[in-house]
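Below you'll find the structure, written out as structure tokens, and then a few comments.
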Protein chains: 2
Amino acid sequence: MHANPPPAAPRLQQTNLVEQVADYLTEAIIARHYAPGVRLSEVQLSRELGVSRAPVREAARLLESRGLLISRPRKGFYVRELIGDDLADVFDLRLCYERHAFELLAARFDDAVHTELSRQVEVMCELAAGSDDGRKIEADLHFHRLVFEMAGNRRLLKAFDDLSHELRLCMALIERTHAEPERIAANHWPLIEALASGKPERCREAVDYHIGVARDYVIQGLGA
Amino acid sequence: MHANPPPAAPRLQQTNLVEQVADYLTEAIIARHYAPGVRLSEVQLSRELGVSRAPVREAARLLESRGLLISRPRKGFYVRELIGDDLADVFDLRLCYERHAFELLAARFDDAVHTELSRQVEVMCELAAGSDDGRKIEADLHFHRLVFEMAGNRRLLKAFDDLSHELRLCMALIERTHAEPERIAANHWPLIEALASGKPERCREAVDYHIGVARDYVIQGLGA
DNA sequence: CTCACCCAAGCTGTCGACAGTCGGTGGTCG
DNA sequence: CGACCACCGACTGTCGACAGCTTGGGTGAG
């Protein structure tokens, strides 16, 4: 059932079990402790986590809505596997989101936005020297999340948050993540400059290039 | 608890209870049998439907992921109410989706696509004479769903399907739906023509106009 | 009359258990 | 020797029940 022995699964406590189980499962799937395509047994999971099946089922439904699990009736839940055009589709949808967010943000760009985004890129540059790939990915995603936050459309932000789980899954699938972290971090400066220019078409070009690089990197990383 | 007495809630049978409860709740919310903002009691719902609370809870989680319910820990589920910029945000996200779908479809437009879309608009024109507003809305949404289907990005299609539940909620909120159904149906011809032209900017203009009209219609209909 | 506190009712979060079903296994028959 | 069938174990779908929390009303003091 497991690709590796499951990670530390200590007894969860008290209430909010659904959220805790969901967090645990999310982490475990992103960390590939559960291989793509494998079936997750509710009873086994509930035993391992020391909880009943009800919270496990609800957490699994949550993960399903986030695209990390797939349920087949009377069969159970399976870890989402990205096959065929799935990767391209995910990054194409991301492109759709980012284009819109940058267009919105460009229309309301000011010094505060500039400061906020610049600070985050600096954080990324600092992290680039370290060895914690997970943090680099999170910082990268956080930069983009900031853009969506400040773009002003909450529904769009929620859509991006949903997609980000799948993005994490995509990035977790490639072996070496962030091979050239300094360059990747620095690649975010042109996005800020494009925003500052106030020209929509320049934003679009910068976004298309930026997301295209990320997409090609992941798709090539999988050899797909 | 109810705005109106709840609709016919006959005993559901056998398995797939989650899906049945979800369908029932979706219909009931769209039909405004449950007013926006009201709290849905799990026990009361399970009594009315003659099922236990487990399927109700899972169905509610599903509806939450679709934006029709909102859960507050230890408080329960509340019917989503669209307040503030919610309507504008939803339609702005829809614009984001449609722009992308039309751009994708324009690149692979052919006679088959032309035939399929034209047939659907004809269906809409026929329905326009009738009095079933629900069907008109469904036919309208189905036209757009066809565009997403044929655009070729399954993830984008899933995102639109998720959003479509919220769109139905938006349209259900305005009193008079589809005041001029003939004109609204006919308004889809320019979209097909724009696709056929193969010019991305013309597609974008047509989509922006089309979605803008829909947005203004709903937002004005609410007097928001 | 007002306000704070207390209590009870109802609800959510969680649990263990039962029934129906699915997949695999072993045996049997052609 | 291969194919079909019956049995069996495991699992999902569903249910009823219990504990802790939340809420609203009632009561008493100030």
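Letters A, B, ... mark the chains of the structure tokens in the order given; residue numbers begin at 1 per chain; ligand numbers begin at 1, in order shown.
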inquiry  = Please find the residues of chain D near chain A - the criterion being any atom within 8 Å, counting only C-alpha atoms (C1' of nucleotides) - and write them as a list of chain:residue names.
reply    = D:DC11, D:DT12, D:DG13
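In chain C, the set of residues within 8 Å of chain B (atoms considered: only C-alpha atoms (C1' of nucleotides)) is DC11, DT12 and DG13 of chain C.
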Select from chain A every residue with an atom at most 7 Å from any atom of chain B, then for each give the shortest pair of atoms and their distance in Å to one decimal, using only C-alpha atoms, rows by chain and rising number, as CSV.
residue,atom,partner,partner_atom,distance
A:Glu58,CA,B:Glu58,CA,6.1
A:Ser65,CA,B:Ser65,CA,6.4
A:Asp89,CA,B:Asn153,CA,5.4
A:Val90,CA,B:Arg155,CA,6.3
A:Leu93,CA,B:Leu156,CA,5.9
A:Cys96,CA,B:His100,CA,6.2
A:His100,CA,B:Cys96,CA,6.2
A:Asn153,CA,B:Asp89,CA,5.4
A:Arg154,CA,B:Asp89,CA,6.7
A:Arg155,CA,B:Asp89,CA,5.8
A:Leu156,CA,B:Leu93,CA,5.9
File dump, residues just selected, C-alpha atoms, as an mmCIF file, in the first residue's frame:
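out.cif, freshly written:
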data_model
loop_
_atom_site.group_PDB
_atom_site.id
_atom_site.type_symbol
_atom_site.label_atom_id
_atom_site.label_comp_id
_atom_site.auth_asym_id
_atom_site.auth_seq_id
_atom_site.Cartn_x
_atom_site.Cartn_y
_atom_site.Cartn_z
ATOM 1 C CA GLU A 58 -14.586 13.595 5.262
ATOM 2 C CA SER A 65 -12.186 18.456 -4.105
ATOM 3 C CA ASP A 89 -3.714 21.266 -18.311
ATOM 4 C CA VAL A 90 -2.809 22.279 -14.767
ATOM 5 C CA LEU A 93 -5.077 26.746 -16.028
ATOM 6 C CA CYS A 96 -5.169 31.519 -17.152
ATOM 7 C CA HIS A 100 -5.963 37.584 -14.988
ATOM 8 C CA ASN A 153 -10.805 39.124 -6.460
ATOM 9 C CA ARG A 154 -11.367 36.785 -3.535
ATOM 10 C CA ARG A 155 -12.997 34.136 -5.654
ATOM 11 C CA LEU A 156 -9.999 34.100 -7.933
#
Residues of segment 49-143 of chain A in strand (DSSP E), written as a ChimeraX atom specification = /A:69-72,76-79
I need the residues from that last selection saved to file as a short mmCIF file (atom, residue, chain, number, x, y, z; two decimals), in the first residue's frame (with N, CA and C atoms), if you can.
data_model
loop_
_atom_site.label_atom_id
_atom_site.label_comp_id
_atom_site.auth_asym_id
_atom_site.auth_seq_id
_atom_site.Cartn_x
_atom_site.Cartn_y
_atom_site.Cartn_z
N LEU A 69 -6.95 13.52 -4.37
CA LEU A 69 -7.47 12.16 -4.34
C LEU A 69 -8.58 12.04 -5.38
N ILE A 70 -8.84 10.83 -5.77
CA ILE A 70 -9.95 10.54 -6.67
C ILE A 70 -10.74 9.40 -6.07
N SER A 71 -12.04 9.55 -5.99
CA SER A 71 -12.87 8.50 -5.39
C SER A 71 -13.58 7.73 -6.48
N ARG A 72 -13.60 6.44 -6.32
CA ARG A 72 -14.40 5.60 -7.20
C ARG A 72 -15.43 4.89 -6.34
N GLY A 76 -13.25 3.09 -3.25
CA GLY A 76 -12.43 3.81 -2.30
C GLY A 76 -11.71 4.99 -2.93
N PHE A 77 -10.72 5.50 -2.23
CA PHE A 77 -9.99 6.68 -2.69
C PHE A 77 -8.63 6.28 -3.22
N TYR A 78 -8.25 6.92 -4.31
CA TYR A 78 -6.96 6.67 -4.92
C TYR A 78 -6.16 7.97 -4.99
N VAL A 79 -4.87 7.85 -4.78
CA VAL A 79 -4.01 9.03 -4.89
C VAL A 79 -3.99 9.50 -6.33
#
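For the pair atom CA of Pro190 of chain B and atom CA of Ala129 of chain B, the interatomic distance is 20.6 Å.
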message = Can you pull out every residue from segment 56-219 of chain A that DSSP, working from the backbone, puts in helix (DSSP H, G or I), and format the result as a PyMOL selection string?
response = chain A and resi 56-65+86-107+111-129+133-151+154-173+181-186+189-197+200-219
task = For DC18 of chain D, please output as a PyMOL selection string all residues within 12 Å (counting only C-alpha atoms (C1' of nucleotides); exclusion window: fewer than 4 positions along the same chain).
result = chain C and resi 13-16
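Interatomic distance, atom CA of Ala28 of chain B to atom CA of Val123 of chain B: 26.3 Å.
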So which residues touch DG26 of chain D within 12 Å, counting only C-alpha atoms (C1' of nucleotides), skipping near sequence neighbours fewer than 3 positions away, as a PDB file with C-alpha atoms (C1' of nucleotides), in the first residue's frame?
ATOM      1  C1'  DC C   5     -24.736  34.121  35.679  1.00  0.00           C
ATOM      2  C1'  DC C   6     -26.455  29.442  35.361  1.00  0.00           C
ATOM      3  C1'  DC C   7     -28.744  25.723  33.415  1.00  0.00           C
ATOM      4  C1'  DA C   8     -30.866  22.972  30.051  1.00  0.00           C
TER       5       DA C   8
END
task = Identify, on the basis of only C-alpha atoms (C1' of nucleotides), every residue whose closest approach to Asp111 of chain B does not exceed 12 Å; exclude the query and any residue fewer than 6 positions from it along the same chain; express the result as a PyMOL selection string.
result = chain B and resi 117-118+192+195-196
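Going from atom CA of Gly212 of chain B to atom CA of Glu27 of chain B covers 26.5 Å.
For DG26 of chain C, the residues within 12 Å (counting only C-alpha atoms (C1' of nucleotides), excluding itself and residues fewer than 3 positions away along the chain) are DC5, DA6, DC7 and DC8 of chain D.
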Output C-alpha atoms (C1' of nucleotides) for every residue in the selection just made, as a compact mmCIF listing (two decimals), in the first residue's frame.
# COMPACT_ATOMS: atom_id res chain seq x y z
C1' DC D 5 -18.47 -21.20 -9.86
C1' DA D 6 -18.93 -20.88 -5.01
C1' DC D 7 -16.91 -19.32 -0.92
C1' DC D 8 -14.40 -16.01 1.98
